[in-house]
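A.B. asks: This structure is in structure tokens; I'll ask about it shortly.
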Amino acid sequence: MPFVYIVRCADGTLYTGWTTDLDRRIAQHNAGRGAAYTRQRGPVTLVYREEWPDRSAAMRREAAIKKLDRPRKERLLNRDYRE
């Protein structure tokens with residue numbers, strides 16, 4: 001099952017992505033082999049995840065989350081976000 005996830009970087013910024021293997025992907029980010037954005041901002045901590053039925057749905061959700069401003073993302077992390 002694909003996952004959409006948000007990690008908090010060491011500098012406090014948030015990174016959103018999707019993967020089919022969440023543990024492997026977080027390990028990649030922390031090993032400096034993840035996204036270019038997280039390479040200079042590690043280590044990262046998983047702060048949010050959603051499971052989706054297929055890749056296309058996960059990719060659409062990732063895109064939607066990336067469009068949110070920081071306050072809305074923080075509310076999402078606190079499960080207080082309504083679209």
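Residue numbering restarts at 1 for every chain of the structure tokens, chains are lettered A, B, ... in their displayed order, and ligands are numbered from 1 as they appear.
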For stretch 33-44 of chain A, list every protein, DNA or RNA residue within 7 Å, evaluated using only C-alpha atoms, and leave out those in the same chain fewer than 2 positions away; present the list as a ChimeraX atom specification.
C.D. replies: /A:7-11,28-31,46
A.B. asks: Would you please give, as an NGL selection string, all residues of stretch 2-81 of chain A that DSSP assigns to alpha helix (DSSP H) based on the backbone?
C.D. replies: :A and (22-30 or 36-39 or 55-66 or 70-77)
A.B. asks: Looking at only C-alpha atoms, which of A:Glu51, A:Ala58, A:Leu68, A:Met1 is the one that sits closest to A:Trp18?
C.D. replies: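 When distances to A:Trp18 are compared using only C-alpha atoms, the smallest one comes from A:Ala58.
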A.B. asks: Could you give me, as an MDAnalysis selection string, each residue of stretch 17-78 of chain A that DSSP assigns to strand (DSSP E or B) when run on this structure's backbone?
C.D. replies: chainID A and resid 17:19 45:51
A.B. asks: Export, as a PDB file, in the first residue's frame, the selected residues with N, CA and C atoms.
C.D. replies:
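Saved to selection-v2.pdb:
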```
ATOM      1  N   GLY A  17       6.096  13.614   0.997  1.00  0.00           N
ATOM      2  CA  GLY A  17       6.408  12.691  -0.081  1.00  0.00           C
ATOM      3  C   GLY A  17       5.449  11.517  -0.072  1.00  0.00           C
ATOM      4  N   TRP A  18       5.691  10.566  -0.967  1.00  0.00           N
ATOM      5  CA  TRP A  18       4.905   9.344  -0.998  1.00  0.00           C
ATOM      6  C   TRP A  18       5.849   8.177  -1.251  1.00  0.00           C
ATOM      7  N   THR A  19       5.458   7.001  -0.796  1.00  0.00           N
ATOM      8  CA  THR A  19       6.285   5.813  -0.948  1.00  0.00           C
ATOM      9  C   THR A  19       5.441   4.565  -0.767  1.00  0.00           C
ATOM     10  N   THR A  45      12.257  13.370  11.082  1.00  0.00           N
ATOM     11  CA  THR A  45      11.371  12.621  11.973  1.00  0.00           C
ATOM     12  C   THR A  45      10.005  12.513  11.314  1.00  0.00           C
ATOM     13  N   LEU A  46       9.486  11.317  11.228  1.00  0.00           N
ATOM     14  CA  LEU A  46       8.154  11.115  10.666  1.00  0.00           C
ATOM     15  C   LEU A  46       7.123  11.732  11.608  1.00  0.00           C
ATOM     16  N   VAL A  47       6.299  12.635  11.068  1.00  0.00           N
ATOM     17  CA  VAL A  47       5.287  13.289  11.905  1.00  0.00           C
ATOM     18  C   VAL A  47       3.861  13.039  11.411  1.00  0.00           C
ATOM     19  N   TYR A  48       3.704  12.462  10.202  1.00  0.00           N
ATOM     20  CA  TYR A  48       2.373  12.256   9.661  1.00  0.00           C
ATOM     21  C   TYR A  48       2.432  11.207   8.569  1.00  0.00           C
ATOM     22  N   ARG A  49       1.380  10.387   8.490  1.00  0.00           N
ATOM     23  CA  ARG A  49       1.281   9.423   7.390  1.00  0.00           C
ATOM     24  C   ARG A  49      -0.166   9.096   7.110  1.00  0.00           C
ATOM     25  N   GLU A  50      -0.441   8.805   5.848  1.00  0.00           N
ATOM     26  CA  GLU A  50      -1.758   8.360   5.404  1.00  0.00           C
ATOM     27  C   GLU A  50      -1.541   7.182   4.459  1.00  0.00           C
ATOM     28  N   GLU A  51      -2.371   6.167   4.571  1.00  0.00           N
ATOM     29  CA  GLU A  51      -2.294   5.036   3.664  1.00  0.00           C
ATOM     30  C   GLU A  51      -3.340   5.216   2.556  1.00  0.00           C
TER      31      GLU A  51
END
```
A.B. asks: List as an MDAnalysis selection string the protein and nucleic acid residues near A:Ala64, meaning an atom at most 12 Å away when only C-alpha atoms are counted, but skip any in the same chain fewer than 2 places from it.
C.D. replies: chainID A and resid 4 16:18 57:62 66:69 72:73 83
A.B. asks: Take the selection from the previous step and output its residues with N, CA and C atoms, as a PDB file, in the first residue's frame.
C.D. replies:
```
ATOM      1  N   VAL A   4       1.377   8.425   1.931  1.00  0.00           N
ATOM      2  CA  VAL A   4       1.779   9.826   1.854  1.00  0.00           C
ATOM      3  C   VAL A   4       2.299  10.151   3.240  1.00  0.00           C
ATOM      4  N   THR A  16       7.048  16.718   2.368  1.00  0.00           N
ATOM      5  CA  THR A  16       5.972  15.784   2.055  1.00  0.00           C
ATOM      6  C   THR A  16       6.387  14.903   0.899  1.00  0.00           C
ATOM      7  N   GLY A  17       6.096  13.614   0.997  1.00  0.00           N
ATOM      8  CA  GLY A  17       6.408  12.691  -0.081  1.00  0.00           C
ATOM      9  C   GLY A  17       5.449  11.517  -0.072  1.00  0.00           C
ATOM     10  N   TRP A  18       5.691  10.566  -0.967  1.00  0.00           N
ATOM     11  CA  TRP A  18       4.905   9.344  -0.998  1.00  0.00           C
ATOM     12  C   TRP A  18       5.849   8.177  -1.251  1.00  0.00           C
ATOM     13  N   ALA A  57      -3.595   7.630  -6.333  1.00  0.00           N
ATOM     14  CA  ALA A  57      -4.296   8.330  -5.253  1.00  0.00           C
ATOM     15  C   ALA A  57      -3.291   8.959  -4.293  1.00  0.00           C
ATOM     16  N   ALA A  58      -2.231   8.224  -3.975  1.00  0.00           N
ATOM     17  CA  ALA A  58      -1.199   8.756  -3.082  1.00  0.00           C
ATOM     18  C   ALA A  58      -0.503   9.966  -3.708  1.00  0.00           C
ATOM     19  N   MET A  59      -0.227   9.894  -4.990  1.00  0.00           N
ATOM     20  CA  MET A  59       0.433  11.009  -5.662  1.00  0.00           C
ATOM     21  C   MET A  59      -0.464  12.246  -5.713  1.00  0.00           C
ATOM     22  N   ARG A  60      -1.753  12.042  -5.923  1.00  0.00           N
ATOM     23  CA  ARG A  60      -2.686  13.172  -5.915  1.00  0.00           C
ATOM     24  C   ARG A  60      -2.748  13.811  -4.529  1.00  0.00           C
ATOM     25  N   ARG A  61      -2.788  12.970  -3.497  1.00  0.00           N
ATOM     26  CA  ARG A  61      -2.836  13.499  -2.126  1.00  0.00           C
ATOM     27  C   ARG A  61      -1.550  14.232  -1.779  1.00  0.00           C
ATOM     28  N   GLU A  62      -0.411  13.687  -2.186  1.00  0.00           N
ATOM     29  CA  GLU A  62       0.868  14.364  -1.956  1.00  0.00           C
ATOM     30  C   GLU A  62       0.839  15.763  -2.582  1.00  0.00           C
ATOM     31  N   LYS A  66       1.158  19.358  -0.618  1.00  0.00           N
ATOM     32  CA  LYS A  66       2.245  20.285  -0.947  1.00  0.00           C
ATOM     33  C   LYS A  66       1.720  21.687  -1.278  1.00  0.00           C
ATOM     34  N   LYS A  67       0.481  21.795  -1.694  1.00  0.00           N
ATOM     35  CA  LYS A  67      -0.106  23.100  -1.997  1.00  0.00           C
ATOM     36  C   LYS A  67      -0.571  23.851  -0.754  1.00  0.00           C
ATOM     37  N   LEU A  68      -0.680  23.150   0.381  1.00  0.00           N
ATOM     38  CA  LEU A  68      -1.131  23.794   1.617  1.00  0.00           C
ATOM     39  C   LEU A  68      -0.063  24.738   2.150  1.00  0.00           C
ATOM     40  N   ASP A  69      -0.495  25.815   2.786  1.00  0.00           N
ATOM     41  CA  ASP A  69       0.476  26.688   3.445  1.00  0.00           C
ATOM     42  C   ASP A  69       0.899  26.053   4.769  1.00  0.00           C
ATOM     43  N   ARG A  72      -1.747  25.426   7.621  1.00  0.00           N
ATOM     44  CA  ARG A  72      -2.666  24.320   7.322  1.00  0.00           C
ATOM     45  C   ARG A  72      -1.967  22.971   7.466  1.00  0.00           C
ATOM     46  N   LYS A  73      -0.703  22.901   7.069  1.00  0.00           N
ATOM     47  CA  LYS A  73       0.049  21.657   7.255  1.00  0.00           C
ATOM     48  C   LYS A  73       0.190  21.334   8.741  1.00  0.00           C
ATOM     49  N   GLU A  83     -10.718  20.176   4.946  1.00  0.00           N
ATOM     50  CA  GLU A  83     -10.624  20.727   3.587  1.00  0.00           C
ATOM     51  C   GLU A  83     -11.939  21.319   3.171  1.00  0.00           C
TER      52      GLU A  83
END
```
A.B. asks: Mind checking which residues fall within 9 Å of A:Thr20, counting only C-alpha atoms, ignoring those fewer than 4 positions away in the same chain, and posting them as a PyMOL selection string?
C.D. replies: chain A and resi 1-4+24-25+55
A.B. asks: Between atom CA of A:Tyr15 and atom CA of A:Gly32, what is the distance, to one decimal in Å?
C.D. replies: 14.0 Å
